[in-house]
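Next comes start_14.cif, a file with mmCIF, C-alpha atoms.
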data_work
#
loop_
_atom_site.label_atom_id
_atom_site.label_comp_id
_atom_site.auth_asym_id
_atom_site.auth_seq_id
_atom_site.Cartn_x
_atom_site.Cartn_y
_atom_site.Cartn_z
CA MET A 20 17.25 -0.70 -6.64
CA ALA A 21 16.56 -2.54 -3.39
CA ARG A 22 13.62 -4.93 -3.43
CA ILE A 23 11.52 -6.73 -0.85
CA ILE A 24 11.49 -10.31 -2.08
CA ALA A 25 9.62 -12.12 0.66
CA GLY A 26 7.95 -11.93 4.04
CA VAL A 27 8.28 -14.17 7.07
CA ALA A 28 5.89 -14.20 10.00
CA THR A 29 6.53 -16.04 13.21
CA SER A 30 5.64 -15.99 16.89
CA HIS A 31 8.47 -14.86 19.14
CA ILE A 32 7.73 -16.85 22.30
CA PRO A 33 10.53 -16.38 24.90
CA ALA A 34 10.28 -20.01 26.09
CA VAL A 35 11.23 -21.11 22.55
CA GLY A 36 14.44 -19.09 22.83
CA ALA A 37 15.11 -20.54 26.28
CA ALA A 38 14.53 -24.10 24.99
CA TRP A 39 17.02 -23.44 22.18
CA ASP A 40 19.61 -21.83 24.45
CA ASN A 41 19.39 -24.65 27.00
CA GLY A 42 19.70 -27.45 24.45
CA LYS A 43 16.15 -28.71 24.86
CA THR A 44 15.24 -28.76 21.16
CA GLY A 45 15.15 -32.56 21.10
CA GLU A 46 12.77 -32.91 24.07
CA PRO A 47 9.33 -34.30 23.16
CA TYR A 48 7.62 -31.02 24.10
CA TRP A 49 9.86 -28.85 21.91
CA GLN A 50 10.89 -31.18 19.12
CA PRO A 51 7.80 -30.52 16.93
CA VAL A 52 8.29 -26.76 17.31
CA PHE A 53 11.82 -26.77 15.93
CA LYS A 54 10.92 -29.32 13.25
CA GLY A 55 8.41 -26.80 11.89
CA PHE A 56 11.28 -24.45 11.07
CA GLU A 57 13.64 -26.89 9.34
CA ARG A 58 12.28 -26.01 5.89
CA SER A 59 12.35 -22.33 6.79
CA LYS A 60 16.06 -22.46 7.54
CA GLU A 61 16.75 -24.14 4.19
CA TRP A 62 14.55 -21.60 2.43
CA ILE A 63 16.26 -18.53 3.89
CA ALA A 64 19.72 -20.00 3.26
CA LYS A 65 18.74 -20.22 -0.44
CA MET A 66 17.15 -16.77 -0.53
CA LYS A 67 20.31 -15.17 0.88
CA PRO A 68 18.77 -11.83 1.89
CA ASP A 69 21.18 -8.88 2.03
CA VAL A 70 19.20 -7.36 4.86
CA CYS A 71 16.21 -8.26 7.03
CA ILE A 72 13.71 -5.76 8.35
CA VAL A 73 12.30 -7.25 11.56
CA VAL A 74 9.03 -5.87 12.92
CA TYR A 75 8.72 -6.81 16.58
CA ASN A 76 7.82 -5.43 19.96
CA ASP A 77 9.90 -4.62 22.96
CA HIS A 78 8.81 -6.28 26.23
CA ALA A 79 9.81 -3.81 28.93
CA SER A 80 13.47 -4.20 27.91
CA ALA A 81 14.55 -1.12 25.94
CA PHE A 82 11.56 1.13 26.54
CA SER A 83 10.01 0.39 30.00
CA LEU A 84 7.07 2.77 30.53
CA GLU A 85 9.13 5.95 30.46
CA ILE A 86 8.83 6.31 26.71
CA ILE A 87 6.35 4.35 24.61
CA PRO A 88 6.85 4.98 20.90
CA THR A 89 4.07 3.57 18.74
CA PHE A 90 6.50 2.95 15.88
CA ALA A 91 10.29 3.13 16.25
CA ILE A 92 13.13 2.25 13.91
CA GLY A 93 16.62 1.21 14.96
CA CYS A 94 19.16 3.28 13.04
CA ALA A 95 22.26 2.12 14.93
CA ALA A 96 25.18 0.13 13.53
CA GLU A 97 24.78 -2.49 16.25
CA PHE A 98 22.15 -3.55 18.78
CA ALA A 99 23.16 -5.30 21.98
CA ILE A 100 21.18 -8.29 23.28
CA ALA A 101 18.96 -7.22 26.19
CA ASP A 102 19.26 -8.68 29.67
CA GLU A 103 15.64 -9.54 30.41
CA GLY A 104 16.35 -10.59 33.98
CA TRP A 105 18.10 -13.89 33.34
CA GLY A 106 21.19 -12.50 31.57
CA PRO A 107 21.33 -11.75 27.82
CA ARG A 108 20.56 -14.66 25.45
CA PRO A 109 23.80 -16.26 24.24
CA VAL A 110 23.37 -15.06 20.64
CA PRO A 111 25.51 -12.71 18.55
CA PRO A 112 24.83 -8.97 18.71
CA VAL A 113 22.62 -7.72 15.89
CA LYS A 114 24.31 -5.63 13.21
CA GLY A 115 22.19 -2.83 11.78
CA TYR A 116 22.09 -1.14 8.40
CA PRO A 117 22.12 2.57 9.27
CA GLU A 118 22.13 3.86 5.67
CA LEU A 119 18.98 1.99 4.70
CA ALA A 120 17.34 2.69 8.08
CA SER A 121 17.82 6.45 7.79
CA HIS A 122 16.67 6.29 4.17
CA ILE A 123 13.46 4.59 5.33
CA VAL A 124 12.94 7.38 7.89
CA GLN A 125 13.47 10.04 5.21
CA SER A 126 10.84 8.46 3.00
CA VAL A 127 8.28 7.11 5.44
CA VAL A 128 7.91 10.20 7.65
CA LEU A 129 7.08 12.28 4.56
CA ASP A 130 4.51 9.61 3.75
CA GLU A 131 2.94 10.54 7.11
CA PHE A 132 4.18 7.65 9.26
CA ASP A 133 6.05 9.21 12.15
CA LEU A 134 8.72 6.69 13.04
CA THR A 135 10.73 7.43 16.18
CA ILE A 136 14.46 7.26 15.45
CA VAL A 137 16.32 5.12 17.97
CA ASN A 138 20.11 5.09 17.97
CA LYS A 139 20.59 3.03 21.09
CA MET A 140 18.35 0.07 21.68
CA ASP A 141 18.97 -3.33 23.24
CA VAL A 142 16.89 -5.95 21.46
CA ASP A 143 15.01 -8.62 23.39
CA HIS A 144 13.44 -12.00 22.62
CA GLY A 145 10.86 -10.32 20.38
CA LEU A 146 13.59 -9.84 17.79
CA THR A 147 16.14 -12.53 18.64
CA VAL A 148 13.83 -15.57 18.83
CA PRO A 149 12.69 -15.15 15.19
CA LEU A 150 16.35 -14.83 14.14
CA THR A 151 17.19 -18.04 15.99
CA LEU A 152 14.26 -19.90 14.44
CA MET A 153 15.23 -18.82 10.92
CA PHE A 154 19.03 -18.82 11.12
CA GLY A 155 19.86 -21.31 13.88
CA LYS A 156 23.03 -20.69 15.82
CA PRO A 157 25.59 -18.94 13.58
CA ARG A 158 28.70 -17.30 15.01
CA GLU A 159 27.28 -14.10 13.62
CA TRP A 160 23.94 -13.36 11.96
CA PRO A 161 24.25 -13.79 8.19
CA CYS A 162 22.95 -10.31 7.31
CA PRO A 163 22.29 -6.91 8.85
CA VAL A 164 18.92 -6.33 10.52
CA ILE A 165 16.79 -3.20 10.75
CA PRO A 166 14.58 -3.45 13.84
CA ILE A 167 11.17 -1.79 13.69
CA SER A 168 9.56 -1.78 17.09
CA VAL A 169 5.79 -1.44 17.51
CA ASN A 170 3.99 -0.71 20.75
CA VAL A 171 1.66 -3.62 21.41
CA VAL A 172 2.00 -3.52 25.20
CA VAL A 173 0.02 -0.38 26.06
CA TYR A 174 -3.45 -0.29 24.51
CA PRO A 175 -4.45 1.21 22.11
CA VAL A 176 -1.87 -0.31 19.80
CA PRO A 177 -1.82 0.97 16.19
CA THR A 178 -4.70 -0.32 14.07
CA GLY A 179 -4.24 -3.20 11.68
CA ASN A 180 -4.98 -0.90 8.78
CA ARG A 181 -2.34 1.60 9.83
CA CYS A 182 0.19 -1.21 10.15
CA TYR A 183 -0.76 -2.51 6.71
CA MET A 184 -0.34 0.96 5.20
CA LEU A 185 3.00 1.44 7.00
CA GLY A 186 4.15 -1.75 5.30
CA LYS A 187 3.33 -0.19 1.95
CA ALA A 188 5.26 2.96 2.84
CA ILE A 189 8.27 0.87 3.91
CA ARG A 190 8.18 -0.97 0.60
CA LYS A 191 8.14 2.32 -1.31
CA ALA A 192 11.10 3.52 0.75
CA VAL A 193 13.09 0.34 0.14
CA GLU A 194 12.46 0.54 -3.60
CA SER A 195 13.89 4.05 -3.76
CA PHE A 196 17.17 2.98 -2.11
CA ASP A 197 20.08 3.24 -4.48
CA LYS A 198 21.72 -0.11 -3.96
CA ASP A 199 20.78 -3.54 -5.29
CA LEU A 200 19.63 -5.32 -2.16
CA ARG A 201 17.42 -8.33 -1.55
CA VAL A 202 15.30 -7.57 1.48
CA VAL A 203 13.21 -9.97 3.55
CA ILE A 204 10.72 -8.45 5.99
CA PHE A 205 9.65 -10.23 9.19
CA GLY A 206 6.41 -9.74 11.11
CA THR A 207 6.59 -11.31 14.55
CA GLY A 208 4.46 -12.05 17.63
CA GLY A 209 1.11 -13.78 18.00
CA MET A 210 -0.78 -15.89 17.32
CA SER A 211 -3.70 -16.26 19.74
CA HIS A 212 -2.63 -16.06 23.38
CA GLN A 213 -3.58 -14.48 26.65
CA LEU A 214 -0.93 -14.33 29.35
CA GLN A 215 -2.86 -12.61 32.11
CA GLY A 216 -5.85 -12.89 34.40
CA PRO A 217 -8.39 -15.65 34.95
CA ARG A 218 -8.87 -15.99 31.18
CA ALA A 219 -5.17 -16.81 30.57
CA GLY A 220 -4.51 -19.69 28.20
CA LEU A 221 -7.02 -18.65 25.55
CA ILE A 222 -6.26 -20.16 22.13
CA ASN A 223 -8.38 -19.76 19.00
CA ARG A 224 -7.28 -22.19 16.31
CA GLU A 225 -10.14 -21.25 13.95
CA PHE A 226 -9.27 -17.56 14.03
CA ASP A 227 -5.57 -18.24 13.59
CA THR A 228 -6.16 -20.56 10.64
CA ARG A 229 -8.40 -18.01 8.93
CA PHE A 230 -5.77 -15.34 9.56
CA LEU A 231 -3.06 -17.49 7.96
CA ASP A 232 -5.35 -18.26 5.00
CA ASN A 233 -6.19 -14.61 4.44
CA LEU A 234 -2.57 -13.52 4.32
CA THR A 235 -2.67 -14.75 0.74
CA ARG A 236 -6.42 -14.72 -0.02
CA ASP A 237 -7.59 -11.43 1.40
CA PRO A 238 -5.08 -9.36 3.38
CA ARG A 239 -7.35 -6.32 3.17
CA ALA A 240 -9.93 -8.18 5.24
CA LEU A 241 -7.25 -8.75 7.90
CA ALA A 242 -6.48 -5.03 7.95
CA LYS A 243 -10.12 -4.40 8.95
CA ILE A 244 -10.12 -6.61 12.05
CA SER A 245 -11.00 -4.38 15.00
CA HIS A 246 -9.04 -4.21 18.23
CA PHE A 247 -12.03 -5.54 20.14
CA GLU A 248 -12.22 -8.57 17.86
CA TYR A 249 -8.53 -9.35 18.48
CA LEU A 250 -8.97 -8.99 22.25
CA ARG A 251 -12.14 -11.07 22.39
CA GLU A 252 -11.20 -13.77 19.88
CA THR A 253 -7.43 -14.12 20.29
CA GLY A 254 -6.77 -13.08 23.90
CA SER A 255 -5.29 -9.89 25.25
CA GLU A 256 -1.85 -10.59 23.74
CA GLY A 257 -3.11 -11.94 20.40
CA ILE A 258 -3.40 -8.35 19.22
CA GLU A 259 0.34 -8.59 18.45
CA MET A 260 -0.78 -9.96 15.09
CA VAL A 261 -1.12 -6.37 13.82
CA MET A 262 2.67 -6.55 13.42
CA TRP A 263 2.24 -9.26 10.79
CA LEU A 264 0.26 -6.75 8.73
CA ILE A 265 3.27 -4.44 8.39
CA MET A 266 5.11 -7.36 6.81
CA ARG A 267 2.10 -8.19 4.62
CA GLY A 268 1.64 -4.57 3.48
CA ALA A 269 5.24 -4.48 2.28
CA LEU A 270 4.65 -7.37 -0.16
CA ASP A 271 2.90 -7.57 -3.53
CA ASP A 272 -0.90 -7.84 -3.53
CA GLU A 273 -0.45 -11.35 -4.95
CA VAL A 274 1.91 -13.56 -3.00
CA LYS A 275 2.77 -17.23 -2.94
CA GLU A 276 2.62 -19.14 0.35
CA VAL A 277 5.71 -21.33 0.43
CA HIS A 278 5.56 -22.65 3.99
CA ARG A 279 3.19 -22.70 6.93
CA PHE A 280 3.46 -24.12 10.42
CA TYR A 281 1.02 -23.97 13.33
CA HIS A 282 1.47 -25.61 16.71
CA VAL A 283 -0.29 -25.54 20.08
CA PRO A 284 0.99 -25.17 22.71
CA ALA A 285 4.33 -23.45 22.95
CA SER A 286 4.27 -22.40 26.59
CA ASN A 287 1.07 -20.28 26.80
CA THR A 288 0.80 -19.55 23.11
CA ALA A 289 -0.34 -20.75 19.69
CA LEU A 290 2.81 -20.68 17.59
CA GLY A 291 2.18 -19.57 14.02
CA HIS A 292 4.63 -19.25 11.15
CA ILE A 293 4.29 -18.52 7.45
CA ILE A 294 6.58 -17.64 4.54
CA LEU A 295 5.24 -15.58 1.65
CA GLU A 296 7.13 -14.84 -1.55
CA ASN A 297 6.49 -12.03 -3.96
CA THR A 298 5.63 -13.61 -7.28
CA ARG A 299 7.84 -11.19 -9.20
CA GLN A 300 11.34 -12.21 -8.09
CA MET B 15 -16.33 12.65 28.41
CA ALA B 16 -14.94 9.17 29.00
CA LEU B 17 -14.42 7.05 25.93
CA PRO B 18 -16.48 3.87 25.88
CA LYS B 19 -14.47 0.72 26.56
CA GLU B 20 -16.12 -2.20 24.86
CA TYR B 21 -13.42 -4.48 26.26
CA ASP B 22 -14.58 -3.92 29.84
CA ASP B 23 -17.05 -6.72 29.08
CA LEU B 24 -14.30 -9.29 28.50
CA PRO B 25 -14.31 -11.78 31.37
CA GLY B 26 -11.14 -12.40 33.38
CA THR B 27 -9.17 -9.78 31.48
CA VAL B 28 -7.72 -6.39 32.37
CA VAL B 29 -6.74 -4.54 29.21
CA PHE B 30 -3.57 -2.58 29.94
CA ASP B 31 -4.68 0.64 28.32
CA ALA B 32 -3.26 4.15 28.59
CA ASP B 33 -5.41 4.81 31.69
CA GLN B 34 -4.17 1.67 33.45
CA ALA B 35 -0.61 2.55 32.39
CA ARG B 36 -1.02 5.91 34.12
CA LEU B 37 -2.35 4.33 37.34
CA GLY B 38 0.31 1.64 37.34
CA TYR B 39 3.35 3.65 36.33
CA HIS B 40 5.24 3.41 39.64
CA LEU B 41 4.13 -0.17 40.30
CA ASN B 42 5.48 -1.22 36.91
CA MET B 43 8.68 0.78 37.30
CA PHE B 44 9.22 -0.95 40.66
CA CYS B 45 8.86 -4.28 38.83
CA MET B 46 11.31 -3.09 36.19
CA SER B 47 13.88 -2.34 38.92
CA LEU B 48 13.96 -6.08 39.74
CA MET B 49 15.90 -6.72 36.55
CA LYS B 50 19.02 -5.73 38.53
CA PRO B 51 20.40 -8.38 40.92
CA GLU B 52 21.24 -5.85 43.67
CA ASN B 53 17.64 -4.61 43.63
CA ARG B 54 16.30 -8.15 43.80
CA ALA B 55 18.48 -8.74 46.85
CA ALA B 56 17.27 -5.53 48.52
CA PHE B 57 13.63 -6.43 47.80
CA LYS B 58 14.05 -9.94 49.18
CA ALA B 59 15.81 -8.67 52.31
CA ASP B 60 12.91 -6.39 53.28
CA GLU B 61 10.02 -6.27 50.83
CA ARG B 62 8.03 -3.59 52.64
CA ALA B 63 11.02 -1.27 53.00
CA TYR B 64 11.94 -1.69 49.35
CA LEU B 65 8.36 -0.98 48.25
CA ASP B 66 8.26 2.12 50.44
CA ARG B 67 10.98 3.64 48.26
CA TRP B 68 8.43 3.88 45.44
CA PRO B 69 5.52 6.34 45.31
CA MET B 70 3.01 3.51 44.94
CA THR B 71 -0.46 3.38 46.51
CA GLU B 72 -1.02 1.23 49.60
CA ASP B 73 -3.27 -1.06 47.51
CA GLN B 74 -0.48 -1.56 45.00
CA LYS B 75 2.06 -2.35 47.71
CA LEU B 76 -0.30 -4.82 49.42
CA SER B 77 -1.05 -6.60 46.16
CA VAL B 78 2.69 -7.14 45.70
CA LEU B 79 3.27 -8.26 49.31
CA LYS B 80 0.36 -10.73 49.04
CA ARG B 81 1.48 -11.86 45.57
CA ASP B 82 -2.06 -11.18 44.42
CA TRP B 83 -1.23 -11.57 40.72
CA ASN B 84 -4.72 -10.69 39.51
CA GLY B 85 -4.99 -7.85 42.03
CA MET B 86 -1.78 -6.30 40.69
CA LEU B 87 -3.35 -6.12 37.23
CA GLN B 88 -6.45 -4.42 38.62
CA VAL B 89 -4.39 -1.63 40.19
CA GLY B 90 -2.39 -0.89 37.04
CA GLY B 91 0.16 -3.68 36.78
CA ASN B 92 1.10 -5.13 33.43
CA ILE B 93 1.91 -8.79 33.07
CA TYR B 94 5.26 -8.21 31.32
CA PHE B 95 6.28 -6.19 34.38
CA THR B 96 4.66 -8.19 37.18
CA SER B 97 6.26 -11.33 35.76
CA LYS B 98 9.58 -9.84 36.87
CA ILE B 99 8.36 -10.29 40.48
CA ALA B 100 7.61 -13.90 39.57
CA ALA B 101 11.15 -14.30 38.21
CA THR B 102 12.49 -12.88 41.48
CA ASP B 103 10.44 -15.50 43.34
CA GLY B 104 11.80 -18.24 41.08
CA LEU B 105 8.39 -18.86 39.47
CA SER B 106 7.94 -19.53 35.78
CA PHE B 107 5.52 -17.63 33.58
CA GLN B 108 3.32 -20.68 33.33
CA GLN B 109 3.21 -21.02 37.13
CA ILE B 110 1.81 -17.52 37.61
CA ALA B 111 -0.53 -17.98 34.63
CA ALA B 112 -1.93 -21.05 36.43
CA MET B 113 -2.29 -19.07 39.68
CA MET B 114 -4.17 -16.28 37.89
CA THR B 115 -6.64 -18.80 36.48
CA GLY B 116 -7.14 -20.45 39.88
CA SER B 117 -5.84 -23.83 38.73
CA THR B 118 -2.81 -25.88 39.62
CA GLN B 119 0.16 -25.75 37.31
CA GLU B 120 -0.56 -29.34 36.33
CA GLN B 121 -4.18 -28.56 35.41
CA TYR B 122 -3.12 -25.47 33.48
CA ALA B 123 -0.38 -27.30 31.58
CA GLN B 124 -2.87 -30.06 30.70
CA MET B 125 -5.38 -27.48 29.42
CA MET B 126 -2.68 -26.00 27.16
CA LEU B 127 -1.64 -29.45 25.89
CA LYS B 128 -5.28 -30.08 24.97
CA GLY B 129 -5.35 -26.97 22.80
CA GLY B 130 -5.84 -24.21 25.33
CA ARG B 131 -8.92 -22.39 26.59
CA SER B 132 -11.60 -22.11 23.93
CA PRO B 133 -13.03 -18.66 23.21
CA ASP B 134 -16.48 -20.29 23.40
CA GLY B 135 -18.09 -19.34 26.69
CA ASN B 136 -15.28 -16.86 27.36
CA ARG B 137 -16.32 -13.86 25.26
CA SER B 138 -18.49 -11.88 27.67
CA LYS B 139 -18.85 -11.36 31.40
CA SER B 140 -22.45 -12.53 31.08
CA GLU B 141 -21.17 -15.97 30.06
CA TRP B 142 -19.17 -16.23 33.30
CA LYS B 143 -21.98 -15.14 35.60
CA ASN B 144 -23.52 -18.54 36.06
CA ARG B 145 -20.31 -20.53 36.29
CA GLY B 146 -19.54 -22.29 39.53
#
Please rewrite the model in this file as structure tokens.
Amino acid sequence: MARIIAGVATSHIPAVGAAWDNGKTGEPYWQPVFKGFERSKEWIAKMKPDVCIVVYNDHASAFSLEIIPTFAIGCAAEFAIADEGWGPRPVPPVKGYPELASHIVQSVVLDEFDLTIVNKMDVDHGLTVPLTLMFGKPREWPCPVIPISVNVVVYPVPTGNRCYMLGKAIRKAVESFDKDLRVVIFGTGGMSHQLQGPRAGLINREFDTRFLDNLTRDPRALAKISHFEYLRETGSEGIEMVMWLIMRGALDDEVKEVHRFYHVPASNTALGHIILENTRQ
Amino acid sequence: MALPKEYDDLPGTVVFDADQARLGYHLNMFCMSLMKPENRAAFKADERAYLDRWPMTEDQKLSVLKRDWNGMLQVGGNIYFTSKIAATDGLSFQQIAAMMTGSTQEQYAQMMLKGGRSPDGNRSKSEWKNRG
């Protein structure tokens, strides 16, 4: 049986990827950011996941505004790195896991979560920056990745509760897969940030800290946060944090926090990161 | 009946909702076209002529020509798309963020280094009414 053994949440700020790609990780501005992930890299090297499910959002790269799926799953064998206007990031292409991805579709749609199947999808910084932060710069990524893309660009985005419940459905699907696999699920994006308008630059450390605390203490309370509260308290782009709840829903009710990192600013954003392990390994 | 939009009370914020996405479809697709170098070159060579290829409203075209970053959001633009115009102009994301807030890049960068803009005093339009 396949099992979800842990969850990782992290912001996916494009400037972090650019700093990495351009060799700026040692600069005073960026050095603390990358230091916050040193333990994470050691942790994931020890955990040796067989596959990672990465929940992220596309930023006008694969989907534009022609088609806006609320939830989509990448079922391809390989995903190319998107050219976001500056050329593709110099990272390896992302290998998929089509058998497990289609198995998740089979299970989750019948559990009433209508995932859009995507067989061709370039992946942008939303997916590749978390891989860089966790795996560094390997010649190829150490395991296959199943991308799950969530619309958080066009409001209304799916509710936190729906995301949390989707996580539970994904877990059930994984556990009915016939192969012994160790799966780590990523929730990405956030934390508080607003990129647009005269209110740009909004950061809410108190909200973010409470959110990080409640990932272990009371995830159900997080699933009840309204869209308006996200917009008001965490800025118009902070609402990306609903993607963390898919990750959280896929874990045990009781989890152990093994690492946390929070840093302001990374470009326009509060960078948040946490690693949660299921207690039953 | 129109659905109530609680978030219309947020100061300095245009929520890119399904209605805005409908209004801004062609504006945003124009922005998307700038991901190709040949389109960037055509836009730079004659901005007005390039914009006229798109079924955008005159207001939308003028907001682009004037680089009215906040105005673009009002008429249906989304920041992930309008930032592609900024990239074409050689501006960073933080530079246009500073412009949208009416501060210099230096002031904006300093605000971020000091922990960003607090939500206090920035939750409702009524809180912005009496600001200078």
Near-stretch 72-86 of chain A list (9 Å; all atoms listed in the file; drop same-chain fewer than 3 positions) as a compact mmCIF listing (two decimals) with C-alpha atoms, in the coordinates of the input:
# COMPACT_ATOMS: atom_id res chain seq x y z
CA HIS A 31 8.47 -14.86 19.14
CA ALA A 101 18.96 -7.22 26.19
CA ASP A 102 19.26 -8.68 29.67
CA GLU A 103 15.64 -9.54 30.41
CA LYS A 139 20.59 3.03 21.09
CA MET A 140 18.35 0.07 21.68
CA ASP A 141 18.97 -3.33 23.24
CA VAL A 142 16.89 -5.95 21.46
CA ASP A 143 15.01 -8.62 23.39
CA HIS A 144 13.44 -12.00 22.62
CA GLY A 145 10.86 -10.32 20.38
CA LEU A 146 13.59 -9.84 17.79
CA PRO A 149 12.69 -15.15 15.19
CA LEU A 150 16.35 -14.83 14.14
CA PRO A 163 22.29 -6.91 8.85
CA VAL A 164 18.92 -6.33 10.52
CA ILE A 165 16.79 -3.20 10.75
CA PRO A 166 14.58 -3.45 13.84
CA ILE A 167 11.17 -1.79 13.69
CA SER A 168 9.56 -1.78 17.09
CA VAL A 169 5.79 -1.44 17.51
CA ASN A 170 3.99 -0.71 20.75
CA VAL A 171 1.66 -3.62 21.41
CA VAL A 172 2.00 -3.52 25.20
CA VAL A 173 0.02 -0.38 26.06
CA VAL A 202 15.30 -7.57 1.48
CA VAL A 203 13.21 -9.97 3.55
CA ILE A 204 10.72 -8.45 5.99
CA PHE A 205 9.65 -10.23 9.19
CA GLY A 206 6.41 -9.74 11.11
CA THR A 207 6.59 -11.31 14.55
CA GLY A 208 4.46 -12.05 17.63
CA GLU A 259 0.34 -8.59 18.45
CA MET A 262 2.67 -6.55 13.42
CA TRP A 263 2.24 -9.26 10.79
CA ILE A 265 3.27 -4.44 8.39
CA MET A 266 5.11 -7.36 6.81
CA ALA B 35 -0.61 2.55 32.39
CA TYR B 39 3.35 3.65 36.33
CA ASN B 42 5.48 -1.22 36.91
CA MET B 43 8.68 0.78 37.30
CA MET B 46 11.31 -3.09 36.19
CA TYR B 94 5.26 -8.21 31.32
CA PHE B 95 6.28 -6.19 34.38
For stretch 58-73 of chain B, I'd like the enclosing box, axis-aligned and padded by 3 Å on every side, reported as AutoDock Vina command-line options with centre and edge lengths in Å to one decimal.
--center_x 6.3 --center_y -1.8 --center_z 49.1 --size_x 25.1 --size_y 22.3 --size_z 14.3
#### Entry: Nearby residues (all atoms listed in the file) at most 9 Å from B:Thr96, same-chain spacing under 5 positions excluded, as a ChimeraX atom specification
/B:41-42,45-46,78,83,86-87,91,101
### Task
Can you check which residues of chain A have any atom within 6 Å of chain B? Use only C-alpha atoms and format it as number ranges by chain.
A: 104, 173-174, 216-218, 220-222, 251, 283-284
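Take atom CA of B:Tyr64 and atom CA of B:Asp82: the distance between them is 17.6 Å.
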### Task
Write out as a PyMOL selection string each polymer residue whose atoms come within 12 Å of A:Ala38, counting all atoms listed in the file; drop sequence neighbours fewer than 2 positions from it.
chain A and resi 32-36+40-50+52-53+108+148+151-152+285-286
### Query
Separation of atom CA of A:Gln213 and atom CA of A:Ile258, in Å?
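Spanning atom CA of A:Gln213 to atom CA of A:Ile258 is a straight-line distance of 9.6 Å.
Note that the spacing between atom CA of A:Leu234 and atom CA of A:Glu276 amounts to 8.6 Å.
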Complete the atom set of stretch 77-91 of chain B to N, CA and C atoms and return it as a CSV table (one decimal), keeping the file's coordinate frame.
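Below is the file rebuild25.csv, written as the result:
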chain,number,residue,atom,x,y,z
B,77,SER,N,-0.9,-5.6,47.2
B,77,SER,CA,-1.0,-6.6,46.2
B,77,SER,C,0.3,-7.3,45.9
B,78,VAL,N,1.4,-6.5,45.9
B,78,VAL,CA,2.7,-7.1,45.7
B,78,VAL,C,3.1,-8.0,46.9
B,79,LEU,N,2.9,-7.5,48.1
B,79,LEU,CA,3.3,-8.3,49.3
B,79,LEU,C,2.5,-9.6,49.4
B,80,LYS,N,1.2,-9.5,49.0
B,80,LYS,CA,0.4,-10.7,49.0
B,80,LYS,C,0.5,-11.6,47.8
B,81,ARG,N,1.3,-11.2,46.9
B,81,ARG,CA,1.5,-11.9,45.6
B,81,ARG,C,0.1,-12.1,45.0
B,82,ASP,N,-0.7,-11.1,45.0
B,82,ASP,CA,-2.1,-11.2,44.4
B,82,ASP,C,-1.9,-10.8,42.9
B,83,TRP,N,-1.6,-11.8,42.1
B,83,TRP,CA,-1.2,-11.6,40.7
B,83,TRP,C,-2.3,-10.9,39.9
B,84,ASN,N,-3.6,-11.3,40.2
B,84,ASN,CA,-4.7,-10.7,39.5
B,84,ASN,C,-5.0,-9.3,40.1
B,85,GLY,N,-4.8,-9.2,41.4
B,85,GLY,CA,-5.0,-7.8,42.0
B,85,GLY,C,-4.0,-6.8,41.5
B,86,MET,N,-2.8,-7.2,41.2
B,86,MET,CA,-1.8,-6.3,40.7
B,86,MET,C,-2.2,-5.7,39.3
B,87,LEU,N,-2.9,-6.6,38.5
B,87,LEU,CA,-3.4,-6.1,37.2
B,87,LEU,C,-4.5,-5.1,37.4
B,88,GLN,N,-5.3,-5.3,38.4
B,88,GLN,CA,-6.4,-4.4,38.6
B,88,GLN,C,-6.0,-3.0,39.0
B,89,VAL,N,-4.9,-2.9,39.7
B,89,VAL,CA,-4.4,-1.6,40.2
B,89,VAL,C,-3.3,-1.1,39.3
B,90,GLY,N,-3.3,-1.5,38.0
B,90,GLY,CA,-2.4,-0.9,37.0
B,90,GLY,C,-1.2,-1.7,36.6
B,91,GLY,N,-1.0,-2.9,37.2
B,91,GLY,CA,0.2,-3.7,36.8
B,91,GLY,C,0.0,-4.2,35.4
